[in-house]
Number of protein chains: 2
Amino acid sequence: MIRLFVPHDLAAGAPLALDAGQSRYLAAVMRQGVGDEVLLFNGRDGEWRCAITAVTKRAVAVRAEAPARPQAVGPDLDLVIALVKRGRLETIVEKAAELGARRVRPAITERTNADRARVERLTAIAIEAAEQTGRLDVPAICEPVKLDALLKAWEPGRRLLFCDEAGDAPPILAALHGQPAGPWAILIGPEGGFSPRERAALRALPYARPASLGPRILRADTAAISALTLWQAALGDWTPPAGAP
Amino acid sequence: MIRLFVPHDLAAGAPLALDAGQSRYLAAVMRQGVGDEVLLFNGRDGEWRCAITAVTKRAVAVRAEAPARPQAVGPDLDLVIALVKRGRLETIVEKAAELGARRVRPAITERTNADRARVERLTAIAIEAAEQTGRLDVPAICEPVKLDALLKAWEPGRRLLFCDEAGDAPPILAALHGQPAGPWAILIGPEGGFSPRERAALRALPYARPASLGPRILRADTAAISALTLWQAALGDWTPPAGAP
């Protein structure tokens, strides 16, 4: 069934007018008509089965019929990613949504060539990926900030998995072994690597765990996907239920 | 330093004429001249420091000077991937090269809509990714074959990690726990999933380990990257050296 993210509140019987883009998608692209059902979610009220009640050229109206899934929230995982070229950043946002990150925070480092991200466009990509992957929330896409400022304002209690390509860090699974699940962030550097000053500062952070991503050089998007995967498998919602073999 | 894959034999003092594409790349794009050095590898003779000995508009000649790294071969890992749309298949090949797969075998399943892959183009992508990621070989890209035929001719002794989105399989790390490193293949299905018949056949294979890829629906490229990562981290060359914590 088609899933759409909406800003509206969702409750039994609530009538909703979908926006122009979603209306066009449902009516013109997916050929949905009155009586057809869609699943809506808003990140707050769970997922709802909704019936289409009216279709015009420009607007589709629906009514929330019954709850399909209660609101649930995944692990508290941020992805801090040095700004990369637009195409790769879009891939990273799509994959971060599929892999259950809660926030994507683009960072400006000494060796980053860009200082801007199209946050609105990236948010649209995050929404579409969240719709397809079946999650009940959408990862927040933050405005880019300088890495130094981001670390200066670091949230107490949030651990940092620092993906360090410089060689002597333990593999990610070893670095995460025995660590608490709590709030975490993954940090992926720019393709030129961190500067020696940045690297020393990151290594000195008491809440940071350096980790390596294997023996080959990875592009930033691959590194982000691999690190998100390993974190979810080791500490996140890919772990076997307690007591499983 | 620039790394290039070449078909030539590499040995001390060997003179080589690079092909037109690589010559143009070195001379026109990277502005290399006589005396500049590049690293060449061919998948057989290790990596060699080579000096540029002549540059014309159409041809760059080099001479192998000294071995830089001895030939090494990564884990024996195949990726069997149901054919997907061209763009995603290209991403998968790029990532399989970065993540150390030895072969990519596109498969035609009951719910696959395509039966062709541009093997030559995919091989060029694999070569470029191998050059950038620093590996000493290039993953082989095979012609697509039907899944049934591929399983009928299965190589004895090669284990199969069957990524099964149907829900009751254990998480990948649990599925791989205690398994031998030996030859393996990872199988990723089409976006519509395997048919019930295919799934039953796969589940019945004595050499197959079913495994799940977490609670969210993943696109085929994400599933491939995640599975390759977890395999490398659990059984491949991302594992800590023996005796490490």
# chains A, B, ... in the order shown; residues from 1 in each chain; ligands from 1
>>> interface_residues(of="chain A", to="chain B", cutoff="9 Å", atoms="only C-alpha atoms", output="number ranges by chain")
A: 95, 98-100, 132-135, 170-174, 212-219, 222, 225-230, 232-234, 237-240, 244-245
>>> residues_around(residues="B:Arg209", least_positions_apart="2", cutoff="12 Å", atoms="only C-alpha atoms", output="PyMOL selection string")
chain B and resi 158-164+169-177+179+184-187+202-207+211-212
>>> write_last_selection(atoms="C-alpha atoms", output="mmCIF file, in the first residue's frame")
data_model
loop_
_atom_site.group_PDB
_atom_site.id
_atom_site.type_symbol
_atom_site.label_atom_id
_atom_site.label_comp_id
_atom_site.auth_asym_id
_atom_site.auth_seq_id
_atom_site.Cartn_x
_atom_site.Cartn_y
_atom_site.Cartn_z
ATOM 1 C CA ARG B 158 30.948 -22.090 -1.471
ATOM 2 C CA ARG B 159 28.560 -20.945 1.255
ATOM 3 C CA LEU B 160 25.653 -18.633 0.517
ATOM 4 C CA LEU B 161 24.424 -15.793 2.699
ATOM 5 C CA PHE B 162 20.811 -15.540 1.589
ATOM 6 C CA CYS B 163 19.442 -12.089 2.478
ATOM 7 C CA ASP B 164 15.840 -12.940 3.136
ATOM 8 C CA ALA B 169 15.653 -15.131 9.502
ATOM 9 C CA PRO B 170 18.252 -14.210 12.137
ATOM 10 C CA PRO B 171 20.163 -10.917 11.805
ATOM 11 C CA ILE B 172 23.259 -11.199 9.605
ATOM 12 C CA LEU B 173 25.801 -11.050 12.431
ATOM 13 C CA ALA B 174 23.995 -13.863 14.230
ATOM 14 C CA ALA B 175 23.701 -15.865 10.999
ATOM 15 C CA LEU B 176 27.448 -15.552 10.369
ATOM 16 C CA HIS B 177 28.531 -16.137 13.956
ATOM 17 C CA GLN B 179 30.829 -19.705 10.402
ATOM 18 C CA TRP B 184 31.140 -17.323 0.291
ATOM 19 C CA ALA B 185 28.540 -15.601 -1.818
ATOM 20 C CA ILE B 186 25.958 -13.010 -0.773
ATOM 21 C CA LEU B 187 22.559 -13.187 -2.472
ATOM 22 C CA LEU B 202 16.852 -21.198 -1.269
ATOM 23 C CA ARG B 203 15.866 -22.098 2.267
ATOM 24 C CA ALA B 204 16.337 -25.796 1.448
ATOM 25 C CA LEU B 205 19.927 -25.423 0.208
ATOM 26 C CA PRO B 206 22.313 -27.047 2.672
ATOM 27 C CA TYR B 207 24.992 -24.423 2.020
ATOM 28 C CA ALA B 211 19.720 -13.725 7.259
ATOM 29 C CA SER B 212 17.703 -10.581 7.780
#
>>> select_by_dssp(residues="stretch 72-222 of chain B", states="alpha helix (DSSP H)", output="ChimeraX atom specification")
/B:86-98,119-133,147-152,172-176,196-204,220-222
>>> atom_distance(atom1="atom CA of A:Ile52", atom2="atom CA of A:Val38")
7.6 Å
>>> atom_distance(atom1="atom CA of B:Ala101", atom2="atom CA of B:Asp78")
5.6 Å
>>> select_by_dssp(residues="stretch 84-134 of chain B", states="strand (DSSP E)", output="list of chain:residue names")
B:Arg103, B:Val104, B:Arg105, B:Pro106, B:Ala107, B:Ile108
>>> write_last_selection(atoms="C-alpha atoms", output="PDB file, in the first residue's frame")
ATOM      1  CA  ARG B 103      32.925 -11.253  -8.453  1.00  0.00           C
ATOM      2  CA  VAL B 104      29.561  -9.624  -9.141  1.00  0.00           C
ATOM      3  CA  ARG B 105      27.067 -12.056 -10.652  1.00  0.00           C
ATOM      4  CA  PRO B 106      23.802 -10.455 -11.841  1.00  0.00           C
ATOM      5  CA  ALA B 107      20.936 -12.937 -11.567  1.00  0.00           C
ATOM      6  CA  ILE B 108      17.558 -13.133 -13.244  1.00  0.00           C
TER       7      ILE B 108
END
>>> residues_around(residues="B:Ala54", least_positions_apart="3", cutoff="6 Å", atoms="only C-alpha atoms", output="JSON, numbers by chain")
{"B": [34, 60, 61]}
>>> residues_around(residues="stretch 41-46 of chain A", least_positions_apart="5", cutoff="6 Å", atoms="only C-alpha atoms", output="PyMOL selection string")
chain A and resi 5-7+10+69-71+136-137
>>> write_last_selection(atoms="N, CA and C atoms", output="PDB file, in the first residue's frame")
ATOM      1  N   PHE A   5       4.068  10.616   4.029  1.00  0.00           N
ATOM      2  CA  PHE A   5       4.309  11.424   5.221  1.00  0.00           C
ATOM      3  C   PHE A   5       3.525  12.725   5.088  1.00  0.00           C
ATOM      4  N   VAL A   6       2.791  13.091   6.138  1.00  0.00           N
ATOM      5  CA  VAL A   6       2.002  14.334   6.115  1.00  0.00           C
ATOM      6  C   VAL A   6       2.299  15.151   7.370  1.00  0.00           C
ATOM      7  N   PRO A   7       2.103  16.472   7.297  1.00  0.00           N
ATOM      8  CA  PRO A   7       2.305  17.287   8.495  1.00  0.00           C
ATOM      9  C   PRO A   7       1.095  17.268   9.429  1.00  0.00           C
ATOM     10  N   LEU A  10      -3.075  13.166  12.999  1.00  0.00           N
ATOM     11  CA  LEU A  10      -3.821  11.983  12.558  1.00  0.00           C
ATOM     12  C   LEU A  10      -4.610  11.420  13.731  1.00  0.00           C
ATOM     13  N   ARG A  69      -0.264   1.158  12.808  1.00  0.00           N
ATOM     14  CA  ARG A  69       0.866   0.856  13.703  1.00  0.00           C
ATOM     15  C   ARG A  69       1.013   1.999  14.688  1.00  0.00           C
ATOM     16  N   PRO A  70       1.295   1.695  15.948  1.00  0.00           N
ATOM     17  CA  PRO A  70       1.516   2.779  16.907  1.00  0.00           C
ATOM     18  C   PRO A  70       2.849   3.472  16.639  1.00  0.00           C
ATOM     19  N   GLN A  71       2.925   4.737  17.036  1.00  0.00           N
ATOM     20  CA  GLN A  71       4.180   5.461  16.850  1.00  0.00           C
ATOM     21  C   GLN A  71       5.319   4.737  17.568  1.00  0.00           C
ATOM     22  N   LEU A 136       8.472   5.236  10.783  1.00  0.00           N
ATOM     23  CA  LEU A 136       7.349   6.062  11.220  1.00  0.00           C
ATOM     24  C   LEU A 136       7.759   7.499  11.521  1.00  0.00           C
ATOM     25  N   ASP A 137       9.003   7.826  11.202  1.00  0.00           N
ATOM     26  CA  ASP A 137       9.449   9.207  11.356  1.00  0.00           C
ATOM     27  C   ASP A 137      10.343   9.526  10.164  1.00  0.00           C
TER      28      ASP A 137
END
>>> atom_distance(atom1="atom CA of A:Arg121", atom2="atom CA of A:Arg86")
10.4 Å
>>> closest_residue(among="B:Pro183, B:Leu151, B:Arg102, B:Glu90", to="B:Leu122", atoms="only C-alpha atoms")
B:Glu90
>>> closest_residue(among="A:Val80, A:Leu39, A:Ala14, A:Met30", to="A:Ala64", atoms="only C-alpha atoms")
A:Ala14
>>> closest_residue(among="A:Glu110, A:Glu155, A:Asp76, A:Asp148", to="A:Pro190", atoms="only C-alpha atoms")
A:Glu110
>>> closest_residue(among="B:Ala82, B:Leu4, B:Ala224, B:Ala181", to="B:Glu128", atoms="only C-alpha atoms")
B:Leu4
>>> residues_around(residues="B:Ala68", least_positions_apart="2", cutoff="6 Å", atoms="only C-alpha atoms", output="PDB file with C-alpha atoms, in the first residue's frame")
ATOM      1  CA  GLU B  47      51.539  -2.780  -7.697  1.00  0.00           C
ATOM      2  CA  TRP B  48      54.456  -1.065  -9.420  1.00  0.00           C
ATOM      3  CA  ARG B  49      55.837   2.443  -9.326  1.00  0.00           C
TER       4      ARG B  49
END
>>> decode(residues="stretch 30-72 of chain B", atoms="N, CA and C atoms", output="PDB file, in the first residue's frame")
ATOM      1  N   MET B  30      45.189  15.028 -15.902  1.00  0.00           N
ATOM      2  CA  MET B  30      46.015  15.134 -14.703  1.00  0.00           C
ATOM      3  C   MET B  30      47.341  15.860 -14.952  1.00  0.00           C
ATOM      4  N   ARG B  31      47.575  16.278 -16.197  1.00  0.00           N
ATOM      5  CA  ARG B  31      48.753  17.079 -16.545  1.00  0.00           C
ATOM      6  C   ARG B  31      50.067  16.431 -16.110  1.00  0.00           C
ATOM      7  N   GLN B  32      50.168  15.136 -16.299  1.00  0.00           N
ATOM      8  CA  GLN B  32      51.404  14.449 -15.955  1.00  0.00           C
ATOM      9  C   GLN B  32      52.381  14.549 -17.126  1.00  0.00           C
ATOM     10  N   GLY B  33      53.659  14.569 -16.795  1.00  0.00           N
ATOM     11  CA  GLY B  33      54.668  14.681 -17.846  1.00  0.00           C
ATOM     12  C   GLY B  33      55.785  13.671 -17.631  1.00  0.00           C
ATOM     13  N   VAL B  34      56.767  13.721 -18.532  1.00  0.00           N
ATOM     14  CA  VAL B  34      57.902  12.791 -18.445  1.00  0.00           C
ATOM     15  C   VAL B  34      58.575  12.921 -17.078  1.00  0.00           C
ATOM     16  N   GLY B  35      58.853  11.774 -16.460  1.00  0.00           N
ATOM     17  CA  GLY B  35      59.477  11.773 -15.139  1.00  0.00           C
ATOM     18  C   GLY B  35      58.476  11.637 -14.004  1.00  0.00           C
ATOM     19  N   ASP B  36      57.221  12.002 -14.234  1.00  0.00           N
ATOM     20  CA  ASP B  36      56.215  11.822 -13.182  1.00  0.00           C
ATOM     21  C   ASP B  36      55.948  10.332 -12.967  1.00  0.00           C
ATOM     22  N   GLU B  37      55.497  10.009 -11.777  1.00  0.00           N
ATOM     23  CA  GLU B  37      55.279   8.592 -11.454  1.00  0.00           C
ATOM     24  C   GLU B  37      53.807   8.267 -11.285  1.00  0.00           C
ATOM     25  N   VAL B  38      53.463   7.063 -11.664  1.00  0.00           N
ATOM     26  CA  VAL B  38      52.111   6.531 -11.416  1.00  0.00           C
ATOM     27  C   VAL B  38      52.265   5.125 -10.848  1.00  0.00           C
ATOM     28  N   LEU B  39      51.207   4.664 -10.209  1.00  0.00           N
ATOM     29  CA  LEU B  39      51.179   3.287  -9.723  1.00  0.00           C
ATOM     30  C   LEU B  39      50.326   2.461 -10.679  1.00  0.00           C
ATOM     31  N   LEU B  40      50.857   1.345 -11.132  1.00  0.00           N
ATOM     32  CA  LEU B  40      50.092   0.451 -12.010  1.00  0.00           C
ATOM     33  C   LEU B  40      49.915  -0.901 -11.335  1.00  0.00           C
ATOM     34  N   PHE B  41      48.769  -1.529 -11.608  1.00  0.00           N
ATOM     35  CA  PHE B  41      48.535  -2.899 -11.128  1.00  0.00           C
ATOM     36  C   PHE B  41      47.736  -3.621 -12.193  1.00  0.00           C
ATOM     37  N   ASN B  42      47.855  -4.944 -12.197  1.00  0.00           N
ATOM     38  CA  ASN B  42      47.160  -5.729 -13.233  1.00  0.00           C
ATOM     39  C   ASN B  42      46.393  -6.920 -12.645  1.00  0.00           C
ATOM     40  N   GLY B  43      46.367  -7.008 -11.331  1.00  0.00           N
ATOM     41  CA  GLY B  43      45.667  -8.127 -10.709  1.00  0.00           C
ATOM     42  C   GLY B  43      46.518  -9.382 -10.596  1.00  0.00           C
ATOM     43  N   ARG B  44      47.768  -9.333 -11.097  1.00  0.00           N
ATOM     44  CA  ARG B  44      48.633 -10.532 -11.067  1.00  0.00           C
ATOM     45  C   ARG B  44      50.006 -10.254 -10.457  1.00  0.00           C
ATOM     46  N   ASP B  45      50.567  -9.105 -10.795  1.00  0.00           N
ATOM     47  CA  ASP B  45      51.984  -8.880 -10.486  1.00  0.00           C
ATOM     48  C   ASP B  45      52.212  -7.852  -9.380  1.00  0.00           C
ATOM     49  N   GLY B  46      51.185  -7.573  -8.595  1.00  0.00           N
ATOM     50  CA  GLY B  46      51.341  -6.566  -7.550  1.00  0.00           C
ATOM     51  C   GLY B  46      51.266  -5.165  -8.132  1.00  0.00           C
ATOM     52  N   GLU B  47      51.615  -4.195  -7.291  1.00  0.00           N
ATOM     53  CA  GLU B  47      51.539  -2.780  -7.697  1.00  0.00           C
ATOM     54  C   GLU B  47      52.955  -2.286  -7.955  1.00  0.00           C
ATOM     55  N   TRP B  48      53.122  -1.533  -9.022  1.00  0.00           N
ATOM     56  CA  TRP B  48      54.456  -1.065  -9.420  1.00  0.00           C
ATOM     57  C   TRP B  48      54.475   0.449  -9.539  1.00  0.00           C
ATOM     58  N   ARG B  49      55.568   1.030  -9.032  1.00  0.00           N
ATOM     59  CA  ARG B  49      55.837   2.443  -9.326  1.00  0.00           C
ATOM     60  C   ARG B  49      56.378   2.504 -10.740  1.00  0.00           C
ATOM     61  N   CYS B  50      55.756   3.335 -11.545  1.00  0.00           N
ATOM     62  CA  CYS B  50      56.181   3.428 -12.937  1.00  0.00           C
ATOM     63  C   CYS B  50      56.472   4.884 -13.269  1.00  0.00           C
ATOM     64  N   ALA B  51      57.467   5.102 -14.068  1.00  0.00           N
ATOM     65  CA  ALA B  51      57.823   6.462 -14.475  1.00  0.00           C
ATOM     66  C   ALA B  51      57.334   6.710 -15.895  1.00  0.00           C
ATOM     67  N   ILE B  52      56.824   7.898 -16.112  1.00  0.00           N
ATOM     68  CA  ILE B  52      56.401   8.274 -17.465  1.00  0.00           C
ATOM     69  C   ILE B  52      57.653   8.585 -18.281  1.00  0.00           C
ATOM     70  N   THR B  53      57.758   7.902 -19.448  1.00  0.00           N
ATOM     71  CA  THR B  53      58.970   8.084 -20.262  1.00  0.00           C
ATOM     72  C   THR B  53      58.705   8.876 -21.531  1.00  0.00           C
ATOM     73  N   ALA B  54      57.483   8.945 -21.969  1.00  0.00           N
ATOM     74  CA  ALA B  54      57.183   9.717 -23.180  1.00  0.00           C
ATOM     75  C   ALA B  54      55.714  10.111 -23.159  1.00  0.00           C
ATOM     76  N   VAL B  55      55.423  11.296 -23.639  1.00  0.00           N
ATOM     77  CA  VAL B  55      54.042  11.787 -23.703  1.00  0.00           C
ATOM     78  C   VAL B  55      53.817  12.392 -25.073  1.00  0.00           C
ATOM     79  N   THR B  56      52.883  11.833 -25.832  1.00  0.00           N
ATOM     80  CA  THR B  56      52.445  12.507 -27.053  1.00  0.00           C
ATOM     81  C   THR B  56      50.949  12.759 -26.874  1.00  0.00           C
ATOM     82  N   LYS B  57      50.353  13.364 -27.913  1.00  0.00           N
ATOM     83  CA  LYS B  57      48.938  13.694 -27.787  1.00  0.00           C
ATOM     84  C   LYS B  57      48.102  12.451 -27.521  1.00  0.00           C
ATOM     85  N   ARG B  58      48.497  11.337 -28.134  1.00  0.00           N
ATOM     86  CA  ARG B  58      47.635  10.152 -28.085  1.00  0.00           C
ATOM     87  C   ARG B  58      48.158   9.038 -27.214  1.00  0.00           C
ATOM     88  N   ALA B  59      49.417   9.106 -26.816  1.00  0.00           N
ATOM     89  CA  ALA B  59      49.964   7.943 -26.118  1.00  0.00           C
ATOM     90  C   ALA B  59      50.934   8.367 -25.029  1.00  0.00           C
ATOM     91  N   VAL B  60      50.800   7.699 -23.890  1.00  0.00           N
ATOM     92  CA  VAL B  60      51.760   7.891 -22.810  1.00  0.00           C
ATOM     93  C   VAL B  60      52.493   6.561 -22.625  1.00  0.00           C
ATOM     94  N   ALA B  61      53.817   6.634 -22.604  1.00  0.00           N
ATOM     95  CA  ALA B  61      54.625   5.437 -22.356  1.00  0.00           C
ATOM     96  C   ALA B  61      55.203   5.521 -20.949  1.00  0.00           C
ATOM     97  N   VAL B  62      55.246   4.397 -20.283  1.00  0.00           N
ATOM     98  CA  VAL B  62      55.795   4.368 -18.930  1.00  0.00           C
ATOM     99  C   VAL B  62      56.771   3.201 -18.821  1.00  0.00           C
ATOM    100  N   ARG B  63      57.546   3.201 -17.771  1.00  0.00           N
ATOM    101  CA  ARG B  63      58.456   2.083 -17.504  1.00  0.00           C
ATOM    102  C   ARG B  63      58.305   1.706 -16.037  1.00  0.00           C
ATOM    103  N   ALA B  64      58.113   0.401 -15.803  1.00  0.00           N
ATOM    104  CA  ALA B  64      57.976  -0.081 -14.425  1.00  0.00           C
ATOM    105  C   ALA B  64      59.327   0.058 -13.733  1.00  0.00           C
ATOM    106  N   GLU B  65      59.310   0.737 -12.578  1.00  0.00           N
ATOM    107  CA  GLU B  65      60.573   1.019 -11.896  1.00  0.00           C
ATOM    108  C   GLU B  65      60.817   0.088 -10.715  1.00  0.00           C
ATOM    109  N   ALA B  66      59.858   0.013  -9.838  1.00  0.00           N
ATOM    110  CA  ALA B  66      60.077  -0.763  -8.608  1.00  0.00           C
ATOM    111  C   ALA B  66      58.743  -1.254  -8.071  1.00  0.00           C
ATOM    112  N   PRO B  67      58.748  -2.444  -7.484  1.00  0.00           N
ATOM    113  CA  PRO B  67      57.501  -2.933  -6.891  1.00  0.00           C
ATOM    114  C   PRO B  67      57.114  -2.077  -5.691  1.00  0.00           C
ATOM    115  N   ALA B  68      55.823  -1.740  -5.584  1.00  0.00           N
ATOM    116  CA  ALA B  68      55.341  -0.953  -4.453  1.00  0.00           C
ATOM    117  C   ALA B  68      54.649  -1.852  -3.431  1.00  0.00           C
ATOM    118  N   ARG B  69      53.860  -2.800  -3.893  1.00  0.00           N
ATOM    119  CA  ARG B  69      53.187  -3.750  -2.990  1.00  0.00           C
ATOM    120  C   ARG B  69      53.109  -5.089  -3.703  1.00  0.00           C
ATOM    121  N   PRO B  70      53.352  -6.179  -2.980  1.00  0.00           N
ATOM    122  CA  PRO B  70      53.223  -7.495  -3.611  1.00  0.00           C
ATOM    123  C   PRO B  70      51.760  -7.811  -3.876  1.00  0.00           C
ATOM    124  N   GLN B  71      51.518  -8.652  -4.884  1.00  0.00           N
ATOM    125  CA  GLN B  71      50.130  -9.045  -5.171  1.00  0.00           C
ATOM    126  C   GLN B  71      49.521  -9.687  -3.925  1.00  0.00           C
ATOM    127  N   ALA B  72      48.289  -9.307  -3.637  1.00  0.00           N
ATOM    128  CA  ALA B  72      47.564  -9.904  -2.520  1.00  0.00           C
ATOM    129  C   ALA B  72      46.143 -10.088  -3.001  1.00  0.00           C
TER     130      ALA B  72
END
